[in-house]
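Structure data follow from work12.cif (mmCIF, C-alpha atoms):
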data_coords
#
loop_
_atom_site.group_PDB
_atom_site.id
_atom_site.type_symbol
_atom_site.label_atom_id
_atom_site.label_comp_id
_atom_site.auth_asym_id
_atom_site.auth_seq_id
_atom_site.Cartn_x
_atom_site.Cartn_y
_atom_site.Cartn_z
ATOM 1 C CA MET W 1 12.142 2.090 17.944
ATOM 2 C CA SER W 2 14.694 4.419 16.410
ATOM 3 C CA THR W 3 14.933 5.071 12.701
ATOM 4 C CA ASN W 4 18.267 3.292 12.545
ATOM 5 C CA SER W 5 17.034 0.106 14.161
ATOM 6 C CA ARG W 6 13.907 0.213 12.003
ATOM 7 C CA ASP W 7 16.014 0.541 8.871
ATOM 8 C CA LEU W 8 18.287 -2.237 10.095
ATOM 9 C CA GLY W 9 15.296 -4.495 10.618
ATOM 10 C CA ARG W 10 14.169 -3.867 7.061
ATOM 11 C CA ARG W 11 17.613 -4.549 5.638
ATOM 12 C CA GLU W 12 17.610 -7.867 7.458
ATOM 13 C CA GLY W 13 14.209 -8.695 6.015
ATOM 14 C CA VAL W 14 12.369 -8.278 9.318
ATOM 15 C CA PHE W 15 9.365 -5.982 9.088
ATOM 16 C CA GLU W 16 7.494 -4.594 12.063
ATOM 17 C CA ARG W 17 3.751 -5.128 12.058
ATOM 18 C CA GLU W 18 1.994 -1.822 11.719
ATOM 19 C CA PRO W 19 -0.507 -1.029 14.500
ATOM 20 C CA ALA W 20 -4.152 -1.752 13.708
ATOM 21 C CA ARG W 21 -6.057 1.564 13.695
ATOM 22 C CA ARG W 22 -9.648 1.891 14.870
ATOM 23 C CA VAL W 23 -11.899 3.554 12.311
ATOM 24 C CA PHE W 24 -15.635 3.751 11.682
ATOM 25 C CA ALA W 25 -17.085 2.529 8.390
ATOM 26 C CA THR W 26 -18.278 6.001 7.400
ATOM 27 C CA GLU W 27 -14.756 7.420 7.455
ATOM 28 C CA LEU W 28 -13.101 4.428 5.797
ATOM 29 C CA ARG W 29 -15.636 4.638 2.970
ATOM 30 C CA GLU W 30 -14.416 8.174 2.171
ATOM 31 C CA CYS W 31 -10.799 7.097 1.584
ATOM 32 C CA ARG W 32 -9.433 8.023 -1.849
ATOM 33 C CA TYR W 33 -5.659 7.943 -1.372
ATOM 34 C CA GLN W 34 -3.335 4.940 -1.014
ATOM 35 C CA PHE W 35 0.456 4.975 -1.004
ATOM 36 C CA ARG W 36 3.488 2.776 -0.367
ATOM 37 C CA GLU W 37 6.198 3.668 2.113
ATOM 38 C CA GLY W 38 9.588 2.804 0.669
ATOM 39 C CA GLU W 39 10.830 1.326 -2.599
ATOM 40 C CA ASP W 40 10.984 -2.327 -1.543
ATOM 41 C CA GLU W 41 8.171 -4.526 -2.894
ATOM 42 C CA LYS W 42 7.555 -5.649 0.688
ATOM 43 C CA SER W 43 7.217 -2.083 1.916
ATOM 44 C CA PRO W 44 3.873 -1.499 3.626
ATOM 45 C CA THR W 45 0.975 0.074 1.748
ATOM 46 C CA PHE W 46 -1.164 2.627 3.554
ATOM 47 C CA VAL W 47 -4.617 4.077 3.086
ATOM 48 C CA LEU W 48 -4.798 7.693 4.267
ATOM 49 C CA LEU W 49 -7.858 8.521 6.355
ATOM 50 C CA PRO W 50 -9.573 11.879 5.757
ATOM 51 C CA THR W 51 -8.779 12.703 9.401
ATOM 52 C CA GLY W 52 -5.064 12.532 8.644
ATOM 53 C CA GLU W 53 -3.877 9.122 9.832
ATOM 54 C CA ARG W 54 -2.272 6.427 7.716
ATOM 55 C CA CYS W 55 -3.606 2.880 8.047
ATOM 56 C CA ASN W 56 -1.786 -0.254 6.985
ATOM 57 C CA ARG W 57 -4.007 -2.382 9.229
ATOM 58 C CA ILE W 58 -7.332 -1.653 10.889
ATOM 59 C CA PHE W 59 -9.297 -3.112 13.799
ATOM 60 C CA ILE W 60 -13.063 -3.167 13.375
ATOM 61 C CA VAL W 61 -15.940 -4.646 15.362
ATOM 62 C CA GLY W 62 -19.495 -4.981 14.143
ATOM 63 C CA THR W 63 -22.174 -7.402 13.015
ATOM 64 C CA LEU W 64 -21.329 -9.879 10.273
ATOM 65 C CA THR W 65 -24.618 -9.649 8.408
ATOM 66 C CA GLU W 66 -23.782 -11.808 5.411
ATOM 67 C CA LYS W 67 -21.021 -13.839 3.821
ATOM 68 C CA GLN W 68 -20.586 -15.602 0.508
ATOM 69 C CA ARG W 69 -18.256 -18.326 -0.643
ATOM 70 C CA GLN W 70 -17.026 -17.664 -4.172
ATOM 71 C CA GLY W 71 -14.786 -19.421 -6.677
ATOM 72 C CA ASP W 72 -14.177 -23.093 -7.350
ATOM 73 C CA GLN W 73 -10.419 -23.645 -7.435
ATOM 74 C CA ASN W 74 -9.421 -20.319 -5.924
ATOM 75 C CA ILE W 75 -11.970 -20.220 -3.133
ATOM 76 C CA PHE W 76 -12.485 -17.021 -1.180
ATOM 77 C CA TYR W 77 -15.112 -15.511 1.056
ATOM 78 C CA ARG W 78 -16.691 -12.073 0.966
ATOM 79 C CA GLY W 79 -18.693 -10.580 3.782
ATOM 80 C CA ARG W 80 -20.287 -7.454 5.199
ATOM 81 C CA VAL W 81 -19.593 -6.179 8.698
ATOM 82 C CA VAL W 82 -21.902 -3.417 9.905
ATOM 83 C CA ASP W 83 -20.972 -0.909 12.609
ATOM 84 C CA PRO W 84 -23.281 1.902 13.841
ATOM 85 C CA THR W 85 -22.131 4.167 10.980
ATOM 86 C CA GLY W 86 -22.133 1.944 7.916
ATOM 87 C CA THR W 87 -20.755 -1.167 6.247
ATOM 88 C CA PHE W 88 -17.266 -2.648 5.899
ATOM 89 C CA PHE W 89 -16.700 -5.026 2.989
ATOM 90 C CA ILE W 90 -14.358 -7.843 3.998
ATOM 91 C CA MET W 91 -12.731 -10.725 2.158
ATOM 92 C CA ALA W 92 -10.411 -13.646 2.872
ATOM 93 C CA GLY W 93 -8.913 -16.069 0.374
ATOM 94 C CA SER W 94 -6.131 -18.582 -0.154
ATOM 95 C CA TYR W 95 -3.471 -16.045 0.807
ATOM 96 C CA GLN W 96 -5.115 -15.841 4.226
ATOM 97 C CA PRO W 97 -5.970 -19.512 4.864
ATOM 98 C CA GLU W 98 -6.469 -19.178 8.626
ATOM 99 C CA ALA W 99 -8.645 -16.106 8.230
ATOM 100 C CA MET W 100 -10.630 -17.822 5.486
ATOM 101 C CA GLN W 101 -11.282 -20.825 7.738
ATOM 102 C CA GLN W 102 -12.283 -18.545 10.603
ATOM 103 C CA LEU W 103 -14.710 -16.610 8.388
ATOM 104 C CA ALA W 104 -16.149 -19.822 6.948
ATOM 105 C CA LYS W 105 -17.081 -21.019 10.452
ATOM 106 C CA VAL W 106 -18.941 -17.894 11.560
ATOM 107 C CA ASP W 107 -22.723 -18.101 11.334
ATOM 108 C CA THR W 108 -24.522 -14.872 10.496
ATOM 109 C CA PRO W 109 -25.581 -12.673 12.116
ATOM 110 C CA ALA W 110 -22.857 -12.407 14.753
ATOM 111 C CA PHE W 111 -20.764 -9.745 16.428
ATOM 112 C CA VAL W 112 -17.202 -10.118 15.144
ATOM 113 C CA ALA W 113 -13.833 -8.473 15.715
ATOM 114 C CA VAL W 114 -11.735 -8.181 12.567
ATOM 115 C CA ILE W 115 -8.117 -7.212 12.026
ATOM 116 C CA GLY W 116 -7.229 -6.690 8.407
ATOM 117 C CA LYS W 117 -5.618 -4.602 5.715
ATOM 118 C CA PRO W 118 -7.652 -1.943 3.910
ATOM 119 C CA ASN W 119 -7.346 -1.901 0.132
ATOM 120 C CA LEU W 120 -8.526 0.869 -2.154
ATOM 121 C CA TYR W 121 -9.896 0.163 -5.624
ATOM 122 C CA GLN W 122 -11.066 2.551 -8.318
ATOM 123 C CA THR W 123 -13.796 1.289 -10.632
ATOM 124 C CA PRO W 124 -13.822 2.038 -14.380
ATOM 125 C CA ASP W 125 -16.445 4.741 -13.803
ATOM 126 C CA GLY W 126 -14.179 6.501 -11.301
ATOM 127 C CA ALA W 127 -15.845 5.424 -8.063
ATOM 128 C CA PHE W 128 -13.708 4.274 -5.132
ATOM 129 C CA LEU W 129 -14.282 1.100 -3.141
ATOM 130 C CA VAL W 130 -12.527 0.097 0.059
ATOM 131 C CA SER W 131 -12.371 -3.528 1.137
ATOM 132 C CA VAL W 132 -10.656 -5.138 4.113
ATOM 133 C CA ARG W 133 -8.480 -8.208 3.594
ATOM 134 C CA VAL W 134 -8.985 -10.214 6.769
ATOM 135 C CA GLU W 135 -6.005 -11.311 8.870
ATOM 136 C CA SER W 136 -8.150 -12.591 11.734
ATOM 137 C CA ILE W 137 -11.850 -12.684 12.593
ATOM 138 C CA THR W 138 -13.299 -13.676 15.957
ATOM 139 C CA VAL W 139 -16.839 -13.891 17.292
ATOM 140 C CA VAL W 140 -17.286 -11.463 20.210
ATOM 141 C CA ASP W 141 -20.094 -10.268 22.480
ATOM 142 C CA LYS W 142 -22.068 -7.029 22.534
ATOM 143 C CA GLU W 143 -19.958 -5.622 25.379
ATOM 144 C CA THR W 144 -16.836 -5.961 23.230
ATOM 145 C CA ARG W 145 -18.639 -4.232 20.371
ATOM 146 C CA ASP W 146 -19.677 -1.381 22.680
ATOM 147 C CA LEU W 147 -16.131 -0.974 24.025
ATOM 148 C CA TRP W 148 -14.849 -0.770 20.454
ATOM 149 C CA ILE W 149 -17.358 1.991 19.713
ATOM 150 C CA LEU W 150 -16.091 3.929 22.760
ATOM 151 C CA ASP W 151 -12.435 3.444 21.779
ATOM 152 C CA THR W 152 -13.029 4.257 18.114
ATOM 153 C CA SER W 153 -15.015 7.348 19.054
ATOM 154 C CA ALA W 154 -12.130 8.607 21.209
ATOM 155 C CA ARG W 155 -9.554 7.916 18.480
ATOM 156 C CA THR W 156 -11.704 9.635 15.842
ATOM 157 C CA LEU W 157 -12.199 12.742 17.976
ATOM 158 C CA ASP W 158 -8.445 12.859 18.659
ATOM 159 C CA ARG W 159 -7.748 12.760 14.914
ATOM 160 C CA ILE W 160 -10.306 15.510 14.238
ATOM 161 C CA ASP W 161 -8.671 17.708 16.888
ATOM 162 C CA SER W 162 -5.221 17.018 15.432
ATOM 163 C CA MET W 163 -6.438 18.084 11.990
ATOM 164 C CA ALA W 164 -7.168 21.525 13.458
ATOM 165 C CA THR W 165 -3.886 21.933 15.327
ATOM 166 C CA GLY W 166 -1.369 19.453 13.926
ATOM 167 C CA THR W 167 1.228 19.932 11.224
ATOM 168 C CA SER W 168 2.348 16.379 10.466
ATOM 169 C CA PRO W 169 3.032 15.343 6.851
ATOM 170 C CA ASP W 170 0.047 12.962 6.934
ATOM 171 C CA ILE W 171 -2.307 15.718 8.097
ATOM 172 C CA ALA W 172 -1.012 18.021 5.386
ATOM 173 C CA LYS W 173 -1.472 15.281 2.780
ATOM 174 C CA ALA W 174 -5.026 14.574 3.997
ATOM 175 C CA LYS W 175 -5.963 18.242 3.649
ATOM 176 C CA GLU W 176 -4.526 18.155 0.123
ATOM 177 C CA GLN W 177 -6.209 14.893 -0.899
ATOM 178 C CA TYR W 178 -9.605 15.558 0.722
ATOM 179 C CA PRO W 179 -10.218 19.293 0.214
ATOM 180 C CA ALA W 180 -13.977 18.839 -0.126
ATOM 181 C CA ILE W 181 -14.404 16.889 3.126
ATOM 182 C CA ASP W 182 -15.210 18.776 6.313
ATOM 183 C CA VAL W 183 -13.865 16.420 8.995
ATOM 184 C CA ALA W 184 -16.421 17.879 11.396
ATOM 185 C CA VAL W 185 -18.943 15.528 9.766
ATOM 186 C CA PHE W 186 -17.098 12.657 11.444
ATOM 187 C CA ARG W 187 -17.736 14.289 14.831
ATOM 188 C CA LYS W 188 -21.453 13.801 14.182
ATOM 189 C CA THR W 189 -20.669 10.213 13.175
ATOM 190 C CA VAL W 190 -19.085 9.690 16.582
ATOM 191 C CA PHE W 191 -22.086 11.040 18.466
ATOM 192 C CA ASP W 192 -24.491 8.993 16.347
ATOM 193 C CA ALA W 193 -22.447 5.865 17.129
ATOM 194 C CA LEU W 194 -22.318 6.620 20.856
ATOM 195 C CA ALA W 195 -26.092 7.120 20.888
ATOM 196 C CA GLN W 196 -26.513 3.450 19.930
ATOM 197 C CA ILE W 197 -24.854 2.095 23.067
ATOM 198 C CA LYS W 198 -25.802 2.311 26.717
ATOM 199 C CA ILE W 199 -22.910 3.608 28.810
#
What would the structure in this file look like if it were written as structure tokens?
Amino acid sequence: MSTNSRDLGRREGVFEREPARRVFATELRECRYQFREGEDEKSPTFVLLPTGERCNRIFIVGTLTEKQRQGDQNIFYRGRVVDPTGTFFIMAGSYQPEAMQQLAKVDTPAFVAVIGKPNLYQTPDGAFLVSVRVESITVVDKETRDLWILDTSARTLDRIDSMATGTSPDIAKAKEQYPAIDVAVFRKTVFDALAQIKI
């Protein structure tokens, strides 16, 4: 879509859904930078991955190991989804009623596919936490989980390679925001993840 038609869509109040990026838990956990594109209050908010890609939505697959219902009037659910590299913290509440109902019905443990929006929080002591606000959650099988690992591995390696050769604004911003992170560590993450599946 051209810039003009994209701008036109926004003026008319129609917003494109951002693509859901595949990312391992280890990399998402390292995120420290969140920004909004545009001045409108409905403009999308992005988390910038250390490997130089912006994420408004992510697609994750792993094992839902636990979930908790919390609240009385404002009910919401929290859960943990574990991939081969670490843990995603997910949540769904009254603003996501379908997702909340879906999460409520899943019995743990189970392989699940989740599409959601990453949100970055900084605690009073300066630590960063990333949670995923669920848009949809579906029970899947091990084959689907393994295919996601393959796809996410390929996407991660592509991003690592682009960090070395690319000159996009997002890559430049990632190098500025994450100067202490050697993205090569995520290459090891990929190989560790691949070692857990039988190809």
* Asked: Could you write out as a ChimeraX atom specification the residues that the PyMOL selection byres ((chain W and resi 26) around 8) matches in the shown file?
  -> /W:24-25,27-30,85-87,186,189
* Asked: Which is closer to Arg54 of chain W than all the others in W:Met163, W:Ala184, W:Val112, W:Ala174, using only C-alpha atoms?
  ->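 Answer, going by the shortest atom-to-atom distance: W:Ala174.
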* With the file shown as input, list the residues that the PyMOL selection byres ((chain W and resi 55-58) around 6) selects, as an MDAnalysis selection string. => chainID W and resid 20:22 45:47 54 59 115:117
Give one line per residue of segment 92-183 of chain W that approaches segment 66-81 of chain W to at most 10 Å, naming the two atoms of the closest pair and their distance in Å to one decimal, counting all atoms listed in the file; sort by chain then ascending residue number and deliver it as a Markdown table.
| residue | atom | partner | partner_atom | distance |
| --- | --- | --- | --- | --- |
| W:Ala92 | CA | W:Tyr77 | CA | 5.4 |
| W:Gly93 | CA | W:Phe76 | CA | 4.0 |
| W:Ser94 | CA | W:Phe76 | CA | 6.6 |
| W:Tyr95 | CA | W:Phe76 | CA | 9.3 |
| W:Gln96 | CA | W:Phe76 | CA | 9.2 |
| W:Pro97 | CA | W:Phe76 | CA | 9.2 |
| W:Ala99 | CA | W:Tyr77 | CA | 9.7 |
| W:Met100 | CA | W:Tyr77 | CA | 6.7 |
| W:Gln101 | CA | W:Tyr77 | CA | 9.4 |
| W:Leu103 | CA | W:Tyr77 | CA | 7.4 |
| W:Ala104 | CA | W:Tyr77 | CA | 7.4 |
| W:Val106 | CA | W:Lys67 | CA | 9.0 |
| W:Asp107 | CA | W:Glu66 | CA | 8.7 |
| W:Thr108 | CA | W:Glu66 | CA | 6.0 |
| W:Pro109 | CA | W:Glu66 | CA | 7.0 |
| W:Ala110 | CA | W:Val81 | CA | 9.3 |
| W:Phe111 | CA | W:Val81 | CA | 8.6 |
| W:Val112 | CA | W:Val81 | CA | 7.9 |
| W:Ala113 | CA | W:Val81 | CA | 9.4 |
| W:Val114 | CA | W:Val81 | CA | 9.0 |
| W:Ser131 | CA | W:Arg78 | CA | 9.6 |
| W:Val132 | CA | W:Gly79 | CA | 9.7 |
| W:Arg133 | CA | W:Arg78 | CA | 9.4 |
| W:Val134 | CA | W:Arg78 | CA | 9.8 |
* Structure fact -> From the list W:Ser136, W:Lys42, W:Asp141, W:Ala127, the nearest residue to Ile90 of chain W using all atoms listed in the file is W:Ser136
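Between atom CA of Asp151 of chain W and atom CA of Leu129 of chain W lies a distance of 25.1 Å.
Near Thr152 of chain W, within 7 Å and counting only C-alpha atoms, sit Arg22, Val23, Phe24, Trp148, Ile149, Leu150, Ala154, Arg155 and Thr156 of chain W; same-chain residues fewer than 2 positions away were not included.
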Size and centre in Å, one decimal, axis-aligned box, all listed segment 81-89 of chain W atoms plus 5 Å per side, as lines of an AutoDock Vina configuration file:
center_x = -20.0
center_y = -1.0
center_z = 8.4
size_x = 16.6
size_y = 20.3
size_z = 20.9
* To do: Could you please determine the separation between atom CA of Glu39 of chain W and atom CA of Lys173 of chain W in Å, to one decimal place?
  => 19.4 Å
* Asked: Using only C-alpha atoms, which of the listed residues (W:Val183, W:Asp146, W:Val190, W:Tyr121) sits closest to Ser162 of chain W?
  -> W:Val183
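Atom CA of Arg32 of chain W sits 14.9 Å away from atom CA of Ala172 of chain W.
When all atoms listed in the file are used to compute distances to Ile60 of chain W, the closest of the residues W:Lys105, W:Asn119, W:Asp40, W:Thr144 turns out to be W:Thr144.
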* To do: May I ask which of the residues W:Lys175, W:Arg145, W:Arg159, W:Arg36 is the closest one to Asp83 of chain W, counting all atoms listed in the file?
  =>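 So, comparing all the options, the nearest one is W:Arg145.
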* To do: Go through W:Ile171, W:Leu64, W:Cys31, W:Leu48 and flag the residue nearest Val130 of chain W, using all atoms listed in the file for the distances.
  =>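 Nearest to Val130 of chain W: W:Cys31.
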